[in-house]
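Participant: Coordinates in structure-v2.tsv, TSV, N, CA and C atoms, are listed below.
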```
chain	number	residue	atom	x	y	z
A	914	MET	N	65.09	115.93	114.38
A	914	MET	CA	65.91	116.27	113.24
A	914	MET	C	67.32	116.65	113.66
A	915	LYS	N	67.42	117.44	114.73
A	915	LYS	CA	68.72	117.88	115.22
A	915	LYS	C	69.57	116.70	115.66
A	916	LYS	N	68.95	115.72	116.32
A	916	LYS	CA	69.67	114.52	116.78
A	916	LYS	C	70.18	113.72	115.58
A	917	LEU	N	69.38	113.66	114.53
A	917	LEU	CA	69.77	112.93	113.32
A	917	LEU	C	70.99	113.58	112.66
A	918	MET	N	71.02	114.90	112.62
A	918	MET	CA	72.17	115.61	112.04
A	918	MET	C	73.43	115.36	112.86
A	919	ILE	N	73.31	115.37	114.17
A	919	ILE	CA	74.47	115.11	115.04
A	919	ILE	C	74.96	113.69	114.81
A	920	LEU	N	74.07	112.73	114.68
A	920	LEU	CA	74.44	111.35	114.42
A	920	LEU	C	75.22	111.24	113.12
A	921	PHE	N	74.76	111.88	112.05
A	921	PHE	CA	75.46	111.85	110.77
A	921	PHE	C	76.84	112.50	110.86
A	922	LEU	N	76.93	113.60	111.59
A	922	LEU	CA	78.23	114.25	111.78
A	922	LEU	C	79.21	113.34	112.51
A	923	LEU	N	78.75	112.68	113.56
A	923	LEU	CA	79.61	111.77	114.31
A	923	LEU	C	80.04	110.59	113.45
A	924	LEU	N	79.11	110.03	112.68
A	924	LEU	CA	79.47	108.93	111.79
A	924	LEU	C	80.50	109.37	110.76
A	925	GLY	N	80.36	110.57	110.25
A	925	GLY	CA	81.33	111.10	109.29
A	925	GLY	C	82.70	111.26	109.91
A	926	LEU	N	82.78	111.73	111.14
A	926	LEU	CA	84.07	111.88	111.81
A	926	LEU	C	84.74	110.54	112.03
A	927	PHE	N	83.98	109.54	112.48
A	927	PHE	CA	84.58	108.23	112.72
A	927	PHE	C	85.01	107.56	111.44
A	928	SER	N	84.28	107.74	110.36
A	928	SER	CA	84.68	107.12	109.10
A	928	SER	C	85.96	107.74	108.57
A	929	CYS	N	86.20	109.04	108.79
A	929	CYS	CA	87.44	109.68	108.36
A	929	CYS	C	88.63	109.14	109.13
A	930	GLU	N	88.46	108.85	110.41
A	930	GLU	CA	89.55	108.33	111.22
A	930	GLU	C	89.98	106.95	110.78
A	931	ASN	N	89.10	106.18	110.18
A	931	ASN	CA	89.40	104.81	109.83
A	931	ASN	C	89.96	104.65	108.42
A	932	GLU	N	90.11	105.74	107.69
A	932	GLU	CA	90.68	105.64	106.35
A	932	GLU	C	92.12	105.20	106.43
A	933	ASP	N	92.55	104.39	105.45
A	933	ASP	CA	93.93	103.91	105.39
A	933	ASP	C	94.83	105.05	104.97
A	934	GLU	N	95.69	105.51	105.87
A	934	GLU	CA	96.52	106.67	105.55
A	934	GLU	C	97.60	106.34	104.53
A	935	ASN	N	97.86	105.08	104.24
A	935	ASN	CA	98.87	104.70	103.26
A	935	ASN	C	98.31	104.62	101.85
A	936	SER	N	97.00	104.62	101.68
A	936	SER	CA	96.40	104.23	100.42
A	936	SER	C	96.62	105.21	99.27
A	937	ASP	N	96.56	106.51	99.50
A	937	ASP	CA	96.57	107.45	98.39
A	937	ASP	C	97.88	108.22	98.23
A	938	ILE	N	98.84	108.02	99.09
A	938	ILE	CA	100.07	108.80	99.04
A	938	ILE	C	101.19	107.93	98.50
A	939	SER	N	101.86	108.43	97.49
A	939	SER	CA	102.92	107.67	96.84
A	939	SER	C	104.21	107.71	97.66
A	940	LEU	N	104.89	106.58	97.69
A	940	LEU	CA	106.22	106.52	98.30
A	940	LEU	C	107.27	107.14	97.39
A	941	ASP	N	106.96	107.24	96.10
A	941	ASP	CA	107.92	107.79	95.15
A	941	ASP	C	108.35	109.20	95.56
A	942	GLY	N	109.63	109.46	95.45
A	942	GLY	CA	110.17	110.77	95.78
A	942	GLY	C	111.41	110.64	96.63
A	943	SER	N	111.91	111.78	97.06
A	943	SER	CA	113.13	111.82	97.88
A	943	SER	C	112.76	112.05	99.33
A	944	TRP	N	113.41	111.31	100.21
A	944	TRP	CA	113.14	111.35	101.64
A	944	TRP	C	114.45	111.51	102.40
A	945	GLN	N	114.46	112.39	103.36
A	945	GLN	CA	115.65	112.61	104.20
A	945	GLN	C	115.40	111.99	105.57
A	946	LEU	N	116.33	111.17	106.01
A	946	LEU	CA	116.22	110.56	107.33
A	946	LEU	C	116.45	111.62	108.39
A	947	LYS	N	115.51	111.77	109.30
A	947	LYS	CA	115.64	112.75	110.38
A	947	LYS	C	115.99	112.09	111.70
A	948	LYS	N	115.49	110.88	111.91
A	948	LYS	CA	115.69	110.24	113.20
A	948	LYS	C	115.66	108.73	113.05
A	949	LEU	N	116.50	108.07	113.81
A	949	LEU	CA	116.53	106.62	113.87
A	949	LEU	C	116.43	106.24	115.35
A	950	ILE	N	115.57	105.29	115.65
A	950	ILE	CA	115.45	104.77	117.01
A	950	ILE	C	115.74	103.27	116.92
A	951	ASP	N	116.82	102.83	117.61
A	951	ASP	CA	117.19	101.41	117.52
A	951	ASP	C	116.33	100.55	118.44
A	952	SER	N	116.56	99.24	118.39
A	952	SER	CA	115.73	98.31	119.16
A	952	SER	C	115.88	98.47	120.67
A	953	LYS	N	116.94	99.15	121.11
A	953	LYS	CA	117.15	99.40	122.54
A	953	LYS	C	116.54	100.73	122.97
A	954	GLY	N	115.94	101.45	122.02
A	954	GLY	CA	115.33	102.74	122.34
A	954	GLY	C	116.27	103.92	122.22
A	955	GLN	N	117.51	103.68	121.79
A	955	GLN	CA	118.45	104.79	121.58
A	955	GLN	C	118.04	105.56	120.34
A	956	SER	N	118.09	106.88	120.44
A	956	SER	CA	117.66	107.75	119.36
A	956	SER	C	118.88	108.44	118.75
A	957	PHE	N	118.90	108.48	117.42
A	957	PHE	CA	119.98	109.14	116.69
A	957	PHE	C	119.37	110.15	115.73
A	958	GLU	N	119.81	111.39	115.83
A	958	GLU	CA	119.39	112.41	114.88
A	958	GLU	C	120.26	112.26	113.63
A	959	ASN	N	119.70	112.54	112.46
A	959	ASN	CA	120.44	112.34	111.23
A	959	ASN	C	119.93	113.31	110.19
A	960	ASP	N	120.83	114.05	109.56
A	960	ASP	CA	120.42	114.99	108.51
A	960	ASP	C	121.11	114.72	107.18
A	961	TRP	N	121.92	113.70	107.09
A	961	TRP	CA	122.68	113.51	105.86
A	961	TRP	C	122.27	112.27	105.07
A	962	SER	N	121.53	111.35	105.65
A	962	SER	CA	121.13	110.15	104.92
A	962	SER	C	119.82	110.39	104.20
A	963	ARG	N	119.75	109.90	102.96
A	963	ARG	CA	118.57	110.09	102.13
A	963	ARG	C	118.26	108.82	101.35
A	964	ILE	N	117.00	108.68	101.00
A	964	ILE	CA	116.60	107.64	100.06
A	964	ILE	C	115.76	108.30	98.98
A	965	LYS	N	115.79	107.70	97.81
A	965	LYS	CA	114.92	108.15	96.72
A	965	LYS	C	114.25	106.90	96.17
A	966	ILE	N	112.93	106.93	96.15
A	966	ILE	CA	112.16	105.80	95.65
A	966	ILE	C	111.54	106.21	94.33
A	967	SER	N	111.74	105.38	93.33
A	967	SER	CA	111.17	105.62	92.01
A	967	SER	C	110.70	104.27	91.46
A	968	ARG	N	109.40	104.11	91.41
A	968	ARG	CA	108.77	102.86	91.00
A	968	ARG	C	109.24	101.74	91.91
A	969	GLU	N	109.96	100.78	91.41
A	969	GLU	CA	110.41	99.66	92.25
A	969	GLU	C	111.89	99.78	92.62
A	970	LYS	N	112.48	100.95	92.49
A	970	LYS	CA	113.90	101.11	92.78
A	970	LYS	C	114.10	102.13	93.90
A	971	MET	N	115.16	101.89	94.68
A	971	MET	CA	115.53	102.83	95.74
A	971	MET	C	117.01	103.14	95.61
A	972	SER	N	117.33	104.42	95.63
A	972	SER	CA	118.73	104.82	95.75
A	972	SER	C	118.93	105.32	97.17
A	973	ILE	N	120.12	105.08	97.69
A	973	ILE	CA	120.40	105.31	99.10
A	973	ILE	C	121.67	106.14	99.24
A	974	VAL	N	121.61	107.18	100.06
A	974	VAL	CA	122.80	107.92	100.48
A	974	VAL	C	122.87	107.75	101.98
A	975	ALA	N	123.83	106.96	102.44
A	975	ALA	CA	123.98	106.67	103.87
A	975	ALA	C	125.21	107.42	104.39
A	976	PRO	N	125.49	107.32	105.69
A	976	PRO	CA	126.63	108.09	106.24
A	976	PRO	C	127.97	107.84	105.55
A	977	CYS	N	128.21	106.61	105.12
A	977	CYS	CA	129.52	106.29	104.52
A	977	CYS	C	129.44	105.94	103.04
A	978	ASN	N	128.35	105.40	102.60
A	978	ASN	CA	128.25	104.82	101.27
A	978	ASN	C	126.99	105.25	100.55
A	979	THR	N	126.97	104.98	99.27
A	979	THR	CA	125.77	105.14	98.46
A	979	THR	C	125.43	103.78	97.89
A	980	GLY	N	124.17	103.60	97.51
A	980	GLY	CA	123.78	102.32	96.95
A	980	GLY	C	122.40	102.36	96.37
A	981	ASN	N	121.91	101.17	96.04
A	981	ASN	CA	120.57	101.04	95.49
A	981	ASN	C	120.02	99.66	95.80
A	982	GLY	N	118.72	99.53	95.64
A	982	GLY	CA	118.06	98.26	95.88
A	982	GLY	C	116.72	98.22	95.18
A	983	ILE	N	116.07	97.07	95.28
A	983	ILE	CA	114.77	96.84	94.66
A	983	ILE	C	113.71	96.95	95.75
A	984	VAL	N	112.66	97.73	95.50
A	984	VAL	CA	111.61	97.98	96.48
A	984	VAL	C	110.35	97.19	96.11
A	985	THR	N	109.78	96.54	97.11
A	985	THR	CA	108.49	95.89	96.98
A	985	THR	C	107.58	96.45	98.06
A	986	VAL	N	106.40	96.90	97.67
A	986	VAL	CA	105.45	97.45	98.63
A	986	VAL	C	104.20	96.58	98.61
A	987	ASP	N	103.80	96.14	99.79
A	987	ASP	CA	102.63	95.29	99.95
A	987	ASP	C	101.78	95.85	101.07
A	988	ASP	N	100.60	96.33	100.79
A	988	ASP	CA	99.68	96.85	101.80
A	988	ASP	C	100.40	97.82	102.73
A	989	ARG	N	100.82	97.40	103.91
A	989	ARG	CA	101.48	98.29	104.88
A	989	ARG	C	102.94	97.92	105.12
A	990	THR	N	103.54	97.16	104.22
A	990	THR	CA	104.95	96.80	104.39
A	990	THR	C	105.77	97.21	103.17
A	991	ILE	N	107.01	97.55	103.45
A	991	ILE	CA	107.97	97.87	102.39
A	991	ILE	C	109.15	96.93	102.57
A	992	SER	N	109.65	96.40	101.48
A	992	SER	CA	110.78	95.50	101.52
A	992	SER	C	111.81	95.98	100.51
A	993	VAL	N	113.07	96.07	100.95
A	993	VAL	CA	114.16	96.48	100.06
A	993	VAL	C	115.13	95.31	99.97
A	994	ASP	N	115.27	94.78	98.76
A	994	ASP	CA	116.13	93.61	98.53
A	994	ASP	C	117.22	93.95	97.53
A	995	GLY	N	118.21	93.09	97.48
A	995	GLY	CA	119.29	93.25	96.50
A	995	GLY	C	120.05	94.54	96.69
A	996	VAL	N	120.23	94.97	97.92
A	996	VAL	CA	120.93	96.24	98.18
A	996	VAL	C	122.41	96.08	97.85
A	997	ALA	N	122.90	96.96	97.01
A	997	ALA	CA	124.33	97.01	96.67
A	997	ALA	C	124.83	98.40	97.01
A	998	THR	N	125.92	98.47	97.77
A	998	THR	CA	126.47	99.78	98.15
A	998	THR	C	127.96	99.82	97.84
A	999	THR	N	128.48	101.03	97.83
A	999	THR	CA	129.93	101.18	97.76
A	999	THR	C	130.49	100.60	99.05
A	1000	ASN	N	131.79	100.48	99.16
A	1000	ASN	CA	132.37	99.74	100.27
A	1000	ASN	C	133.31	100.57	101.13
A	1001	ALA	N	133.00	101.83	101.34
A	1001	ALA	CA	133.85	102.70	102.17
A	1001	ALA	C	133.55	102.43	103.64
A	1002	THR	N	134.49	102.78	104.48
A	1002	THR	CA	134.27	102.69	105.92
A	1002	THR	C	134.47	104.07	106.53
A	1003	CYS	N	133.80	104.30	107.65
A	1003	CYS	CA	133.91	105.58	108.33
A	1003	CYS	C	133.46	105.40	109.77
A	1004	PRO	N	133.61	106.40	110.62
A	1004	PRO	CA	133.20	106.24	112.02
A	1004	PRO	C	131.71	105.95	112.20
A	1005	GLU	N	130.88	106.32	111.24
A	1005	GLU	CA	129.43	106.12	111.36
A	1005	GLU	C	128.97	104.81	110.74
A	1006	ILE	N	129.88	103.85	110.48
A	1006	ILE	CA	129.50	102.62	109.78
A	1006	ILE	C	128.45	101.82	110.56
A	1007	SER	N	128.50	101.81	111.89
A	1007	SER	CA	127.49	101.05	112.64
A	1007	SER	C	126.11	101.69	112.49
A	1008	LEU	N	126.05	103.02	112.45
A	1008	LEU	CA	124.79	103.71	112.20
A	1008	LEU	C	124.29	103.39	110.79
A	1009	GLU	N	125.19	103.39	109.84
A	1009	GLU	CA	124.81	103.05	108.47
A	1009	GLU	C	124.23	101.64	108.39
A	1010	ASN	N	124.84	100.69	109.08
A	1010	ASN	CA	124.33	99.32	109.06
A	1010	ASN	C	122.91	99.26	109.64
A	1011	LEU	N	122.65	100.03	110.68
A	1011	LEU	CA	121.29	100.10	111.23
A	1011	LEU	C	120.31	100.66	110.20
A	1012	ILE	N	120.72	101.71	109.52
A	1012	ILE	CA	119.86	102.33	108.51
A	1012	ILE	C	119.54	101.32	107.41
A	1013	LEU	N	120.57	100.68	106.87
A	1013	LEU	CA	120.35	99.75	105.77
A	1013	LEU	C	119.51	98.55	106.20
A	1014	SER	N	119.73	98.07	107.42
A	1014	SER	CA	118.95	96.93	107.92
A	1014	SER	C	117.52	97.32	108.24
A	1015	GLY	N	117.28	98.58	108.56
A	1015	GLY	CA	115.95	99.02	108.94
A	1015	GLY	C	115.07	99.49	107.81
A	1016	LEU	N	115.52	99.40	106.58
A	1016	LEU	CA	114.74	99.91	105.45
A	1016	LEU	C	113.55	99.02	105.08
A	1017	SER	N	113.49	97.81	105.60
A	1017	SER	CA	112.36	96.92	105.34
A	1017	SER	C	111.55	96.77	106.61
A	1018	GLY	N	110.23	96.90	106.49
A	1018	GLY	CA	109.35	96.74	107.64
A	1018	GLY	C	107.98	97.31	107.34
A	1019	SER	N	107.20	97.48	108.37
A	1019	SER	CA	105.89	98.12	108.19
A	1019	SER	C	106.11	99.62	108.05
A	1020	TYR	N	105.20	100.28	107.37
A	1020	TYR	CA	105.38	101.71	107.19
A	1020	TYR	C	104.08	102.46	107.34
A	1021	THR	N	104.22	103.73	107.71
A	1021	THR	CA	103.11	104.68	107.67
A	1021	THR	C	103.62	105.88	106.88
A	1022	ILE	N	102.71	106.52	106.20
A	1022	ILE	CA	103.11	107.65	105.36
A	1022	ILE	C	102.03	108.73	105.42
A	1023	SER	N	102.50	109.96	105.42
A	1023	SER	CA	101.62	111.11	105.22
A	1023	SER	C	102.26	111.90	104.09
A	1024	SER	N	101.71	113.02	103.73
A	1024	SER	CA	102.26	113.77	102.60
A	1024	SER	C	103.71	114.19	102.85
A	1025	GLU	N	104.09	114.38	104.10
A	1025	GLU	CA	105.43	114.90	104.40
A	1025	GLU	C	106.30	113.98	105.24
A	1026	ARG	N	105.77	112.84	105.69
A	1026	ARG	CA	106.52	112.00	106.62
A	1026	ARG	C	106.35	110.52	106.28
A	1027	LEU	N	107.47	109.79	106.33
A	1027	LEU	CA	107.50	108.34	106.12
A	1027	LEU	C	108.18	107.72	107.32
A	1028	THR	N	107.52	106.76	107.96
A	1028	THR	CA	108.10	106.04	109.08
A	1028	THR	C	108.14	104.57	108.73
A	1029	ILE	N	109.33	103.97	108.80
A	1029	ILE	CA	109.49	102.53	108.56
A	1029	ILE	C	109.89	101.91	109.90
A	1030	SER	N	109.12	100.91	110.32
A	1030	SER	CA	109.35	100.27	111.62
A	1030	SER	C	109.62	98.79	111.44
A	1031	SER	N	110.66	98.32	112.11
A	1031	SER	CA	111.00	96.90	112.10
A	1031	SER	C	111.52	96.51	113.48
A	1032	GLU	N	111.89	95.26	113.65
A	1032	GLU	CA	112.48	94.82	114.91
A	1032	GLU	C	113.84	95.46	115.13
A	1033	ILE	N	114.48	95.90	114.08
A	1033	ILE	CA	115.83	96.46	114.15
A	1033	ILE	C	115.82	97.93	114.53
A	1034	ALA	N	114.92	98.69	113.90
A	1034	ALA	CA	114.92	100.14	114.12
A	1034	ALA	C	113.63	100.76	113.60
A	1035	GLU	N	113.41	101.99	114.01
A	1035	GLU	CA	112.36	102.82	113.44
A	1035	GLU	C	113.06	103.98	112.75
A	1036	LEU	N	112.78	104.14	111.46
A	1036	LEU	CA	113.39	105.21	110.66
A	1036	LEU	C	112.32	106.24	110.35
A	1037	ILE	N	112.60	107.49	110.65
A	1037	ILE	CA	111.64	108.57	110.41
A	1037	ILE	C	112.22	109.51	109.36
A	1038	PHE	N	111.54	109.60	108.23
A	1038	PHE	CA	111.97	110.42	107.10
A	1038	PHE	C	111.02	111.59	106.89
A	1039	ILE	N	111.52	112.67	106.29
A	1039	ILE	CA	110.66	113.73	105.81
A	1039	ILE	C	110.84	113.84	104.29
A	1040	ARG	N	109.77	114.20	103.61
A	1040	ARG	CA	109.83	114.33	102.15
A	1040	ARG	C	110.63	115.60	101.81
A	1041	ILE	N	111.57	115.48	100.90
A	1041	ILE	CA	112.36	116.64	100.50
A	1041	ILE	C	112.13	117.01	99.05
A	1042	GLU	N	111.32	116.24	98.35
A	1042	GLU	CA	111.04	116.58	96.94
A	1042	GLU	C	109.81	115.87	96.50
```
If you convert what's in this file into structure tokens, what do you get?

Facilitator:
Amino acid sequence: MKKLMILFLLLGLFSCENEDENSDISLDGSWQLKKLIDSKGQSFENDWSRIKISREKMSIVAPCNTGNGIVTVDDRTISVDGVATTNATCPEISLENLILSGLSGSYTISSERLTISSEIAELIFIRIE
């Protein structure tokens, strides 16, 4: 009997590990970019860029500009299309271009963290609302 209980406990632990962590947590809300890692492995800390996702729309506050786009979510991928931004320039424009280019890719999400990974960059966000 004791062996049977241990077997059930182990099966329960393994089944919890295999749950899809993206399935029950909504992308909707406000997210602050904390870190960007480019394709060369360079890491950039960031506290001023934010995105807000609401249904199929995304608003963006980047280092130089603000904008919006259309969001499509499929299983483990997020795609942002039709991005329109203001047209200001600033010293951080190359970082902004990385951010905007990296918004589409595979993603993982927990209640407090969103990571979007693509060939261009990995963007790590924290939920702020």

Participant: I'd like the neighbourhood of Thr990 in chain A as number ranges by chain, where a residue qualifies if any of its atoms comes within 6 Å (using only N, CA and C atoms), though same-chain residues fewer than 6 positions away should be ignored.

Facilitator: A: 1018-1020

Participant: I'd like the interatomic distance between atom N of Asp960 in chain A and atom C of Ser992 in chain A, to a tenth of an Å.

Facilitator: 22.1 Å

Participant: Name all residues at most 6.5 Å from range 1022-1039 of chain A (count only N, CA and C atoms; drop same-chain ones fewer than 2 positions away) and give them as a ChimeraX atom specification.

Facilitator: /A:934-935,938,943-952,1014-1020,1041-1042

Participant: Can you list, as a PyMOL selection string, every residue of chain A that DSSP puts in strand (DSSP E or B)?

Facilitator: chain A and resi 942-951+956-958+963-967+970-974+979-987+990-998+1018-1022+1026-1030+1034-1040

Participant: Using DSSP on the backbone coordinates, identify the residues of chain A assigned to helix (DSSP H, G or I); present them as a PyMOL selection string.

Facilitator: chain A and resi 915-930+1006-1014

Participant: Could you tell me how far CA of Ser962 in chain A sits from atom C of Ile1006 in chain A, in Å to one decimal place?

Facilitator: 12.4 Å

Participant: What does the structure give for the distance between atom C of Ile991 in chain A and CA of Asn959 in chain A, in Å to one decimal?

Facilitator: 21.0 Å

Participant: Would you be able to write out as a list of chain:residue names which residues have an atom within 9 Å of (104.3, 108.0, 95.2) in the file's coordinates, counting only C-alpha atoms?

Facilitator: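 Nearby residues: A:Asp937, A:Ile938, A:Ser939, A:Leu940, A:Asp941, A:Gly942, A:Ile966, A:Ser967, A:Arg968.
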
Participant: Write the residues you've just listed into a file as a PDB file, in the frame of the given file, and include N, CA and C atoms for each of them.

Facilitator:
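Result went into selection_3.pdb, see below:
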```
ATOM      1  N   ASP A 937      96.560 106.510  99.500  1.00  0.00           N
ATOM      2  CA  ASP A 937      96.570 107.450  98.390  1.00  0.00           C
ATOM      3  C   ASP A 937      97.880 108.220  98.230  1.00  0.00           C
ATOM      4  N   ILE A 938      98.840 108.020  99.090  1.00  0.00           N
ATOM      5  CA  ILE A 938     100.070 108.800  99.040  1.00  0.00           C
ATOM      6  C   ILE A 938     101.190 107.930  98.500  1.00  0.00           C
ATOM      7  N   SER A 939     101.860 108.430  97.490  1.00  0.00           N
ATOM      8  CA  SER A 939     102.920 107.670  96.840  1.00  0.00           C
ATOM      9  C   SER A 939     104.210 107.710  97.660  1.00  0.00           C
ATOM     10  N   LEU A 940     104.890 106.580  97.690  1.00  0.00           N
ATOM     11  CA  LEU A 940     106.220 106.520  98.300  1.00  0.00           C
ATOM     12  C   LEU A 940     107.270 107.140  97.390  1.00  0.00           C
ATOM     13  N   ASP A 941     106.960 107.240  96.100  1.00  0.00           N
ATOM     14  CA  ASP A 941     107.920 107.790  95.150  1.00  0.00           C
ATOM     15  C   ASP A 941     108.350 109.200  95.560  1.00  0.00           C
ATOM     16  N   GLY A 942     109.630 109.460  95.450  1.00  0.00           N
ATOM     17  CA  GLY A 942     110.170 110.770  95.780  1.00  0.00           C
ATOM     18  C   GLY A 942     111.410 110.640  96.630  1.00  0.00           C
ATOM     19  N   ILE A 966     112.930 106.930  96.150  1.00  0.00           N
ATOM     20  CA  ILE A 966     112.160 105.800  95.650  1.00  0.00           C
ATOM     21  C   ILE A 966     111.540 106.210  94.330  1.00  0.00           C
ATOM     22  N   SER A 967     111.740 105.380  93.330  1.00  0.00           N
ATOM     23  CA  SER A 967     111.170 105.620  92.010  1.00  0.00           C
ATOM     24  C   SER A 967     110.700 104.270  91.460  1.00  0.00           C
ATOM     25  N   ARG A 968     109.400 104.110  91.410  1.00  0.00           N
ATOM     26  CA  ARG A 968     108.770 102.860  91.000  1.00  0.00           C
ATOM     27  C   ARG A 968     109.240 101.740  91.910  1.00  0.00           C
TER      28      ARG A 968
END
```

Participant: Which polymer residues have any atom within 6 Å of an atom of Val984 in chain A, counting all atoms listed in the file, with same-chain residues fewer than 4 positions away left out, as a PyMOL selection string?

Facilitator: chain A and resi 969-971+992-994

Participant: Counting only C-alpha atoms, what is within 10 Å of Cys977 in chain A, bar same-chain residues fewer than 2 positions away, as a compact mmCIF listing (two decimals) with N, CA and C atoms, keeping the file's coordinate frame?

Facilitator:
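After the write, result_11.txt holds the following:
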```
# COMPACT_ATOMS: atom_id res chain seq x y z
N SER A 962 121.53 111.35 105.65
CA SER A 962 121.13 110.15 104.92
C SER A 962 119.82 110.39 104.20
N VAL A 974 121.61 107.18 100.06
CA VAL A 974 122.80 107.92 100.48
C VAL A 974 122.87 107.75 101.98
N ALA A 975 123.83 106.96 102.44
CA ALA A 975 123.98 106.67 103.87
C ALA A 975 125.21 107.42 104.39
N THR A 979 126.97 104.98 99.27
CA THR A 979 125.77 105.14 98.46
C THR A 979 125.43 103.78 97.89
N THR A 998 125.92 98.47 97.77
CA THR A 998 126.47 99.78 98.15
C THR A 998 127.96 99.82 97.84
N THR A 999 128.48 101.03 97.83
CA THR A 999 129.93 101.18 97.76
C THR A 999 130.49 100.60 99.05
N ASN A 1000 131.79 100.48 99.16
CA ASN A 1000 132.37 99.74 100.27
C ASN A 1000 133.31 100.57 101.13
N ALA A 1001 133.00 101.83 101.34
CA ALA A 1001 133.85 102.70 102.17
C ALA A 1001 133.55 102.43 103.64
N THR A 1002 134.49 102.78 104.48
CA THR A 1002 134.27 102.69 105.92
C THR A 1002 134.47 104.07 106.53
N CYS A 1003 133.80 104.30 107.65
CA CYS A 1003 133.91 105.58 108.33
C CYS A 1003 133.46 105.40 109.77
N PRO A 1004 133.61 106.40 110.62
CA PRO A 1004 133.20 106.24 112.02
C PRO A 1004 131.71 105.95 112.20
N GLU A 1005 130.88 106.32 111.24
CA GLU A 1005 129.43 106.12 111.36
C GLU A 1005 128.97 104.81 110.74
N ILE A 1006 129.88 103.85 110.48
CA ILE A 1006 129.50 102.62 109.78
C ILE A 1006 128.45 101.82 110.56
N SER A 1007 128.50 101.81 111.89
CA SER A 1007 127.49 101.05 112.64
C SER A 1007 126.11 101.69 112.49
N LEU A 1008 126.05 103.02 112.45
CA LEU A 1008 124.79 103.71 112.20
C LEU A 1008 124.29 103.39 110.79
N GLU A 1009 125.19 103.39 109.84
CA GLU A 1009 124.81 103.05 108.47
C GLU A 1009 124.23 101.64 108.39
N ASN A 1010 124.84 100.69 109.08
CA ASN A 1010 124.33 99.32 109.06
C ASN A 1010 122.91 99.26 109.64
```

Participant: Using only N, CA and C atoms, which of A:Leu1011, A:Pro976, A:Arg989, A:Gly995 sits nearest Arg963 in chain A?

Facilitator: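 For Arg963 in chain A, the nearest of the candidates is A:Pro976.
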